[in-house]
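J.: Quick one, final-v1.txt (compact mmCIF, N, CA and C atoms):
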# COMPACT_ATOMS: atom_id res chain seq x y z
N MET A 789 -11.33 62.46 -47.30
CA MET A 789 -11.42 61.03 -47.04
C MET A 789 -10.58 60.28 -48.06
N GLU A 790 -9.34 60.64 -48.20
CA GLU A 790 -8.56 59.94 -49.21
C GLU A 790 -7.24 59.47 -48.64
N THR A 791 -7.11 58.17 -48.51
CA THR A 791 -5.84 57.58 -48.15
C THR A 791 -5.39 56.78 -49.36
N GLU A 792 -4.20 56.26 -49.29
CA GLU A 792 -3.66 55.55 -50.43
C GLU A 792 -4.59 54.45 -50.95
N PHE A 793 -5.16 53.68 -50.03
CA PHE A 793 -5.90 52.52 -50.50
C PHE A 793 -7.37 52.81 -50.74
N GLU A 794 -7.88 53.94 -50.27
CA GLU A 794 -9.29 54.22 -50.48
C GLU A 794 -9.65 54.31 -51.95
N ILE A 795 -8.79 54.89 -52.76
CA ILE A 795 -9.11 54.96 -54.18
C ILE A 795 -9.26 53.56 -54.75
N GLY A 796 -8.45 52.63 -54.30
CA GLY A 796 -8.52 51.29 -54.85
C GLY A 796 -9.59 50.42 -54.24
N TRP A 797 -9.71 50.43 -52.93
CA TRP A 797 -10.60 49.47 -52.28
C TRP A 797 -12.02 49.99 -52.17
N TYR A 798 -12.20 51.16 -51.61
CA TYR A 798 -13.54 51.63 -51.33
C TYR A 798 -14.28 52.07 -52.58
N SER A 799 -13.57 52.34 -53.64
CA SER A 799 -14.21 52.80 -54.86
C SER A 799 -14.24 51.74 -55.94
N HIS A 800 -13.94 50.52 -55.61
CA HIS A 800 -13.92 49.51 -56.66
C HIS A 800 -15.31 48.94 -56.90
N VAL A 801 -15.46 48.30 -58.04
CA VAL A 801 -16.74 47.75 -58.46
C VAL A 801 -16.56 46.26 -58.75
N LEU A 802 -17.57 45.49 -58.40
CA LEU A 802 -17.60 44.07 -58.74
C LEU A 802 -18.57 43.87 -59.90
N ILE A 803 -18.14 43.09 -60.87
CA ILE A 803 -18.99 42.79 -62.02
C ILE A 803 -19.18 41.28 -62.05
N CYS A 804 -20.44 40.85 -62.15
CA CYS A 804 -20.70 39.41 -62.20
C CYS A 804 -21.72 39.12 -63.29
N PRO A 805 -21.70 37.90 -63.82
CA PRO A 805 -22.69 37.53 -64.83
C PRO A 805 -24.07 37.38 -64.20
N LYS A 806 -25.11 37.49 -65.01
CA LYS A 806 -26.47 37.34 -64.50
C LYS A 806 -26.70 35.92 -63.97
N ARG A 807 -26.18 34.95 -64.69
CA ARG A 807 -26.33 33.55 -64.25
C ARG A 807 -25.28 33.27 -63.19
N GLU A 808 -25.71 32.73 -62.08
CA GLU A 808 -24.77 32.45 -61.00
C GLU A 808 -23.98 31.18 -61.29
N VAL A 809 -22.66 31.35 -61.42
CA VAL A 809 -21.76 30.23 -61.63
C VAL A 809 -20.60 30.37 -60.67
N LYS A 810 -20.10 29.23 -60.19
CA LYS A 810 -19.04 29.25 -59.19
C LYS A 810 -17.68 29.57 -59.77
N ARG A 811 -17.36 29.03 -60.92
CA ARG A 811 -16.00 29.13 -61.46
C ARG A 811 -16.01 29.74 -62.85
N PHE A 812 -14.93 30.40 -63.19
CA PHE A 812 -14.77 31.06 -64.48
C PHE A 812 -14.96 30.09 -65.63
N VAL A 813 -14.44 28.88 -65.49
CA VAL A 813 -14.54 27.87 -66.54
C VAL A 813 -15.99 27.47 -66.81
N ASP A 814 -16.89 27.73 -65.87
CA ASP A 814 -18.29 27.36 -66.04
C ASP A 814 -19.08 28.35 -66.89
N LEU A 815 -18.47 29.49 -67.24
CA LEU A 815 -19.15 30.47 -68.08
C LEU A 815 -19.19 30.00 -69.53
N THR A 816 -20.25 30.37 -70.23
CA THR A 816 -20.29 30.11 -71.67
C THR A 816 -19.38 31.13 -72.36
N ALA A 817 -19.09 30.89 -73.62
CA ALA A 817 -18.27 31.84 -74.39
C ALA A 817 -18.96 33.21 -74.44
N GLU A 818 -20.26 33.21 -74.63
CA GLU A 818 -21.01 34.47 -74.68
C GLU A 818 -20.96 35.20 -73.34
N GLU A 819 -21.12 34.47 -72.24
CA GLU A 819 -21.04 35.09 -70.91
C GLU A 819 -19.65 35.64 -70.63
N THR A 820 -18.63 34.91 -71.05
CA THR A 820 -17.25 35.36 -70.85
C THR A 820 -17.00 36.66 -71.60
N SER A 821 -17.43 36.69 -72.84
CA SER A 821 -17.27 37.89 -73.66
C SER A 821 -18.03 39.06 -73.05
N ASP A 822 -19.26 38.84 -72.67
CA ASP A 822 -20.09 39.90 -72.08
C ASP A 822 -19.48 40.41 -70.78
N LEU A 823 -18.97 39.50 -69.96
CA LEU A 823 -18.37 39.89 -68.69
C LEU A 823 -17.18 40.82 -68.91
N TRP A 824 -16.29 40.45 -69.83
CA TRP A 824 -15.09 41.27 -70.07
C TRP A 824 -15.41 42.57 -70.80
N LEU A 825 -16.38 42.54 -71.72
CA LEU A 825 -16.78 43.79 -72.38
C LEU A 825 -17.41 44.76 -71.38
N THR A 826 -18.18 44.22 -70.45
CA THR A 826 -18.77 45.04 -69.40
C THR A 826 -17.68 45.60 -68.49
N ALA A 827 -16.72 44.77 -68.12
CA ALA A 827 -15.60 45.23 -67.28
C ALA A 827 -14.84 46.35 -67.98
N GLN A 828 -14.65 46.22 -69.29
CA GLN A 828 -13.95 47.25 -70.05
C GLN A 828 -14.71 48.57 -70.00
N LYS A 829 -16.03 48.51 -70.21
CA LYS A 829 -16.86 49.73 -70.20
C LYS A 829 -16.88 50.36 -68.81
N ILE A 830 -17.12 49.55 -67.80
CA ILE A 830 -17.17 50.05 -66.42
C ILE A 830 -15.81 50.63 -66.03
N GLY A 831 -14.74 49.92 -66.36
CA GLY A 831 -13.40 50.38 -66.03
C GLY A 831 -13.09 51.73 -66.63
N ASN A 832 -13.46 51.92 -67.89
CA ASN A 832 -13.22 53.19 -68.55
C ASN A 832 -13.91 54.34 -67.80
N GLN A 833 -15.14 54.11 -67.41
CA GLN A 833 -15.90 55.16 -66.70
C GLN A 833 -15.35 55.40 -65.30
N LEU A 834 -15.00 54.33 -64.59
CA LEU A 834 -14.45 54.49 -63.23
C LEU A 834 -13.13 55.24 -63.25
N GLU A 835 -12.28 54.90 -64.21
CA GLU A 835 -10.99 55.57 -64.31
C GLU A 835 -11.17 57.07 -64.50
N SER A 836 -12.09 57.44 -65.35
CA SER A 836 -12.37 58.85 -65.59
C SER A 836 -12.99 59.50 -64.37
N TYR A 837 -14.00 58.87 -63.78
CA TYR A 837 -14.72 59.42 -62.63
C TYR A 837 -13.80 59.66 -61.44
N HIS A 838 -12.90 58.72 -61.17
CA HIS A 838 -12.02 58.81 -60.01
C HIS A 838 -10.69 59.48 -60.34
N LYS A 839 -10.57 60.00 -61.56
CA LYS A 839 -9.33 60.66 -62.00
C LYS A 839 -8.13 59.75 -61.76
N ALA A 840 -8.33 58.49 -62.08
CA ALA A 840 -7.27 57.49 -61.95
C ALA A 840 -6.48 57.45 -63.26
N SER A 841 -5.37 56.75 -63.23
CA SER A 841 -4.54 56.65 -64.43
C SER A 841 -4.43 55.22 -64.94
N SER A 842 -4.96 54.28 -64.17
CA SER A 842 -4.87 52.86 -64.54
C SER A 842 -5.97 52.09 -63.83
N LEU A 843 -6.07 50.82 -64.17
CA LEU A 843 -7.06 49.94 -63.55
C LEU A 843 -6.41 48.60 -63.23
N THR A 844 -6.85 47.98 -62.15
CA THR A 844 -6.53 46.59 -61.87
C THR A 844 -7.81 45.80 -62.01
N PHE A 845 -7.77 44.72 -62.81
CA PHE A 845 -8.88 43.79 -62.95
C PHE A 845 -8.44 42.51 -62.24
N ALA A 846 -9.26 42.03 -61.31
CA ALA A 846 -8.86 40.83 -60.55
C ALA A 846 -10.02 39.84 -60.46
N ILE A 847 -9.68 38.58 -60.70
CA ILE A 847 -10.61 37.47 -60.49
C ILE A 847 -9.91 36.49 -59.57
N GLN A 848 -10.59 36.11 -58.51
CA GLN A 848 -10.09 35.04 -57.64
C GLN A 848 -10.98 33.84 -57.93
N ASP A 849 -10.45 32.87 -58.63
CA ASP A 849 -11.23 31.76 -59.18
C ASP A 849 -10.99 30.50 -58.37
N GLY A 850 -11.84 30.28 -57.38
CA GLY A 850 -11.73 29.11 -56.51
C GLY A 850 -11.18 29.47 -55.14
N PRO A 851 -11.48 28.66 -54.14
CA PRO A 851 -11.10 28.97 -52.76
C PRO A 851 -9.59 29.12 -52.54
N GLN A 852 -8.78 28.31 -53.22
CA GLN A 852 -7.34 28.41 -53.02
C GLN A 852 -6.77 29.67 -53.68
N ALA A 853 -7.55 30.30 -54.54
CA ALA A 853 -7.14 31.56 -55.16
C ALA A 853 -7.63 32.77 -54.36
N GLY A 854 -8.32 32.49 -53.24
CA GLY A 854 -8.81 33.58 -52.40
C GLY A 854 -10.26 33.94 -52.62
N GLN A 855 -10.98 33.18 -53.44
CA GLN A 855 -12.39 33.48 -53.70
C GLN A 855 -13.20 33.19 -52.44
N THR A 856 -13.85 34.22 -51.90
CA THR A 856 -14.64 34.05 -50.68
C THR A 856 -16.13 33.98 -50.96
N VAL A 857 -16.56 34.43 -52.13
CA VAL A 857 -17.96 34.35 -52.55
C VAL A 857 -18.02 33.36 -53.70
N PRO A 858 -18.80 32.31 -53.59
CA PRO A 858 -18.81 31.27 -54.62
C PRO A 858 -19.61 31.68 -55.86
N HIS A 859 -19.21 32.78 -56.48
CA HIS A 859 -19.86 33.31 -57.66
C HIS A 859 -18.81 34.07 -58.45
N VAL A 860 -18.65 33.77 -59.73
CA VAL A 860 -17.65 34.45 -60.55
C VAL A 860 -17.90 35.96 -60.52
N HIS A 861 -16.85 36.71 -60.28
CA HIS A 861 -16.94 38.17 -60.34
C HIS A 861 -15.56 38.76 -60.60
N ILE A 862 -15.56 39.93 -61.22
CA ILE A 862 -14.33 40.66 -61.51
C ILE A 862 -14.30 41.90 -60.64
N HIS A 863 -13.20 42.11 -59.94
CA HIS A 863 -12.98 43.36 -59.22
C HIS A 863 -12.38 44.35 -60.22
N VAL A 864 -12.95 45.53 -60.33
CA VAL A 864 -12.40 46.59 -61.17
C VAL A 864 -11.97 47.70 -60.22
N VAL A 865 -10.65 47.90 -60.12
CA VAL A 865 -10.08 48.80 -59.11
C VAL A 865 -9.37 49.96 -59.79
N PRO A 866 -9.86 51.20 -59.61
CA PRO A 866 -9.14 52.35 -60.16
C PRO A 866 -7.81 52.52 -59.44
N ARG A 867 -6.78 52.91 -60.19
CA ARG A 867 -5.44 53.04 -59.61
C ARG A 867 -4.84 54.40 -59.97
N ARG A 868 -3.98 54.87 -59.08
CA ARG A 868 -3.24 56.11 -59.31
C ARG A 868 -1.76 55.84 -59.10
N GLY A 869 -0.94 56.64 -59.76
CA GLY A 869 0.50 56.52 -59.57
C GLY A 869 0.86 56.69 -58.12
N GLY A 870 1.69 55.77 -57.60
CA GLY A 870 2.16 55.86 -56.23
C GLY A 870 1.18 55.38 -55.18
N ASP A 871 0.04 54.79 -55.59
CA ASP A 871 -0.90 54.33 -54.57
C ASP A 871 -0.33 53.17 -53.74
N PHE A 872 0.65 52.48 -54.29
CA PHE A 872 1.40 51.47 -53.55
C PHE A 872 2.87 51.60 -53.95
N GLU A 873 3.74 51.33 -52.99
CA GLU A 873 5.17 51.42 -53.29
C GLU A 873 5.55 50.44 -54.40
N LYS A 874 5.08 49.20 -54.26
CA LYS A 874 5.28 48.19 -55.29
C LYS A 874 3.89 47.84 -55.83
N ASN A 875 3.75 47.86 -57.12
CA ASN A 875 2.44 47.72 -57.75
C ASN A 875 1.64 46.52 -57.26
N ASP A 876 2.28 45.37 -57.14
CA ASP A 876 1.55 44.15 -56.77
C ASP A 876 1.15 44.12 -55.29
N GLU A 877 1.54 45.12 -54.51
CA GLU A 877 1.10 45.18 -53.12
C GLU A 877 -0.41 45.35 -53.00
N ILE A 878 -1.06 45.72 -54.08
CA ILE A 878 -2.52 45.83 -54.05
C ILE A 878 -3.16 44.51 -53.66
N TYR A 879 -2.57 43.40 -54.12
CA TYR A 879 -3.15 42.09 -53.81
C TYR A 879 -3.01 41.75 -52.33
N ASP A 880 -1.88 42.11 -51.74
CA ASP A 880 -1.71 41.92 -50.30
C ASP A 880 -2.71 42.79 -49.54
N ALA A 881 -2.90 44.02 -50.02
CA ALA A 881 -3.84 44.92 -49.35
C ALA A 881 -5.27 44.39 -49.45
N MET A 882 -5.62 43.83 -50.60
CA MET A 882 -6.95 43.24 -50.74
C MET A 882 -7.12 42.05 -49.81
N ASP A 883 -6.08 41.22 -49.73
CA ASP A 883 -6.13 40.07 -48.82
C ASP A 883 -6.25 40.52 -47.37
N GLU A 884 -5.50 41.54 -47.00
CA GLU A 884 -5.54 42.06 -45.62
C GLU A 884 -6.93 42.60 -45.30
N LYS A 885 -7.53 43.32 -46.24
CA LYS A 885 -8.88 43.85 -46.02
C LYS A 885 -9.88 42.71 -45.85
N GLU A 886 -9.73 41.65 -46.63
CA GLU A 886 -10.60 40.49 -46.49
C GLU A 886 -10.45 39.87 -45.10
N LYS A 887 -9.21 39.75 -44.62
CA LYS A 887 -8.97 39.20 -43.28
C LYS A 887 -9.62 40.06 -42.21
N GLU A 888 -9.51 41.38 -42.35
CA GLU A 888 -10.14 42.29 -41.40
C GLU A 888 -11.65 42.10 -41.38
N LEU A 889 -12.24 41.97 -42.55
CA LEU A 889 -13.69 41.77 -42.63
C LEU A 889 -14.09 40.45 -41.98
N LYS A 890 -13.30 39.40 -42.23
CA LYS A 890 -13.62 38.10 -41.64
C LYS A 890 -13.53 38.14 -40.12
N GLU A 891 -12.59 38.94 -39.58
CA GLU A 891 -12.46 39.05 -38.12
C GLU A 891 -13.63 39.82 -37.52
N LYS A 892 -14.13 40.80 -38.25
CA LYS A 892 -15.22 41.63 -37.75
C LYS A 892 -16.59 41.00 -37.98
N LEU A 893 -16.70 40.21 -39.02
CA LEU A 893 -17.99 39.66 -39.41
C LEU A 893 -17.93 38.15 -39.47
N ASP A 894 -18.98 37.53 -39.02
CA ASP A 894 -19.14 36.10 -39.27
C ASP A 894 -19.92 36.01 -40.57
N LEU A 895 -19.22 35.71 -41.67
CA LEU A 895 -19.85 35.75 -42.97
C LEU A 895 -20.93 34.70 -43.15
N ASP A 896 -21.03 33.75 -42.23
CA ASP A 896 -22.09 32.77 -42.30
C ASP A 896 -23.37 33.26 -41.64
N LYS A 897 -23.29 34.36 -40.90
CA LYS A 897 -24.46 34.93 -40.25
C LYS A 897 -24.87 36.18 -41.01
N GLU A 898 -26.10 36.60 -40.75
CA GLU A 898 -26.57 37.83 -41.39
C GLU A 898 -25.76 38.99 -40.85
N ARG A 899 -25.29 39.86 -41.73
CA ARG A 899 -24.49 41.00 -41.31
C ARG A 899 -25.24 42.28 -41.62
N LYS A 900 -24.84 43.34 -40.95
CA LYS A 900 -25.48 44.64 -41.16
C LYS A 900 -24.89 45.28 -42.41
N ASP A 901 -25.72 45.43 -43.40
CA ASP A 901 -25.28 46.06 -44.63
C ASP A 901 -25.35 47.57 -44.49
N ARG A 902 -24.80 48.24 -45.49
CA ARG A 902 -24.94 49.69 -45.52
C ARG A 902 -26.41 50.02 -45.63
N SER A 903 -26.77 51.23 -45.25
CA SER A 903 -28.17 51.62 -45.31
C SER A 903 -28.64 51.73 -46.76
N PHE A 904 -29.94 51.65 -46.93
CA PHE A 904 -30.50 51.81 -48.26
C PHE A 904 -30.12 53.16 -48.84
N GLU A 905 -30.15 54.18 -48.01
CA GLU A 905 -29.80 55.52 -48.47
C GLU A 905 -28.36 55.60 -48.95
N GLU A 906 -27.45 54.97 -48.21
CA GLU A 906 -26.04 54.95 -48.62
C GLU A 906 -25.87 54.24 -49.96
N MET A 907 -26.52 53.10 -50.10
CA MET A 907 -26.41 52.35 -51.35
C MET A 907 -27.06 53.11 -52.50
N ALA A 908 -28.21 53.74 -52.24
CA ALA A 908 -28.90 54.50 -53.28
C ALA A 908 -28.07 55.68 -53.75
N GLN A 909 -27.41 56.36 -52.81
CA GLN A 909 -26.57 57.49 -53.18
C GLN A 909 -25.41 57.05 -54.07
N GLU A 910 -24.76 55.96 -53.70
CA GLU A 910 -23.66 55.43 -54.51
C GLU A 910 -24.16 54.99 -55.89
N ALA A 911 -25.30 54.31 -55.90
CA ALA A 911 -25.86 53.85 -57.18
C ALA A 911 -26.22 55.04 -58.07
N ASP A 912 -26.77 56.10 -57.50
CA ASP A 912 -27.11 57.29 -58.28
C ASP A 912 -25.87 57.91 -58.90
N GLU A 913 -24.78 57.97 -58.14
CA GLU A 913 -23.54 58.54 -58.66
C GLU A 913 -23.02 57.70 -59.83
N TYR A 914 -22.97 56.40 -59.65
CA TYR A 914 -22.45 55.53 -60.70
C TYR A 914 -23.42 55.44 -61.89
N ARG A 915 -24.73 55.51 -61.63
CA ARG A 915 -25.71 55.43 -62.71
C ARG A 915 -25.48 56.55 -63.72
N LYS A 916 -25.12 57.73 -63.24
CA LYS A 916 -24.85 58.87 -64.12
C LYS A 916 -23.73 58.57 -65.12
N LEU A 917 -22.81 57.70 -64.73
CA LEU A 917 -21.69 57.36 -65.60
C LEU A 917 -22.08 56.50 -66.78
N PHE A 918 -23.17 55.76 -66.65
CA PHE A 918 -23.48 54.73 -67.64
C PHE A 918 -24.76 54.98 -68.42
N LEU A 919 -25.32 56.17 -68.33
CA LEU A 919 -26.53 56.48 -69.09
C LEU A 919 -26.19 56.94 -70.48
As a first step, turn the structure in this file into structure tokens.

T.:
Amino acid sequence: METEFEIGWYSHVLICPKREVKRFVDLTAEETSDLWLTAQKIGNQLESYHKASSLTFAIQDGPQAGQTVPHVHIHVVPRRGGDFEKNDEIYDAMDEKEKELKEKLDLDKERKDRSFEEMAQEADEYRKLFL
């Protein structure tokens, strides 16, 4: 189950602060520091776990920047050499995946999430990385 973009998209992690805030500028200095230190720790473990060689950290801050969920979060995406012909194509691929999701789902309505078992299995795998 490995295509070029699966390592980046399907295996990425979102990190968000405990307090729900819409924009990055709304975070306190302590929350900002904690968010980035957490991203650093998670990124290090994901890179190792997925045998990646690099990471992309992405924040879409505000609707015109592509933010679809009104809550600050960082995408941590493991990367491998050659996963895209041009490195910045990852952003186009992320945008395209978002468009596909919007076409398939009405994000204003309740959508069918992954099963509890699927989420529990993924959480168990990642939990092992951070104990």

J.: Restricting the calculation to all atoms listed in the file, which member of A:Ala840, A:Gly870, A:Ala827, A:Arg902 is positioned closest to Ile803 in chain A?

T.: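 Of A:Ala840, A:Gly870, A:Ala827, A:Arg902, the one nearest Ile803 in chain A, counting all atoms listed in the file, is A:Ala827.
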
J.: Write out as a compact mmCIF listing (two decimals) with N, CA and C atoms, keeping the file's coordinate frame which residues come within 8 Å of Ile830 in chain A when counting only N, CA and C atoms, dropping same-chain ones fewer than 6 positions away.

T.:
# COMPACT_ATOMS: atom_id res chain seq x y z
N TRP A 824 -16.29 40.45 -69.83
CA TRP A 824 -15.09 41.27 -70.07
C TRP A 824 -15.41 42.57 -70.80
N SER A 836 -12.09 57.44 -65.35
CA SER A 836 -12.37 58.85 -65.59
C SER A 836 -12.99 59.50 -64.37
N VAL A 864 -12.95 45.53 -60.33
CA VAL A 864 -12.40 46.59 -61.17
C VAL A 864 -11.97 47.70 -60.22
N PHE A 918 -23.17 55.76 -66.65
CA PHE A 918 -23.48 54.73 -67.64
C PHE A 918 -24.76 54.98 -68.42

J.: I need the residues in chain A that are strand (DSSP E or B) according to DSSP; give them as a PyMOL selection string.

T.: chain A and resi 801-803+842-846+862-867

J.: Take CA of Pro866 in chain A and CA of Lys806 in chain A and report the distance between them in Å, one decimal.

T.: 23.3 Å

J.: Take CA of His838 in chain A and CA of Pro805 in chain A and report the distance between them in Å, one decimal.

T.: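 About the pair CA of His838 in chain A and CA of Pro805 in chain A: they are 24.3 Å apart.
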
J.: Could you tell me which of A:Glu835, A:Tyr879, A:Ala846, A:Gly854 comes closest to Arg867 in chain A if we count only N, CA and C atoms?

T.: A:Glu835

J.: With distances taken over only C-alpha atoms, which residue among A:Glu884, A:Glu873, A:Glu905, A:Glu913 lies nearest Tyr837 in chain A?

T.: A:Glu913
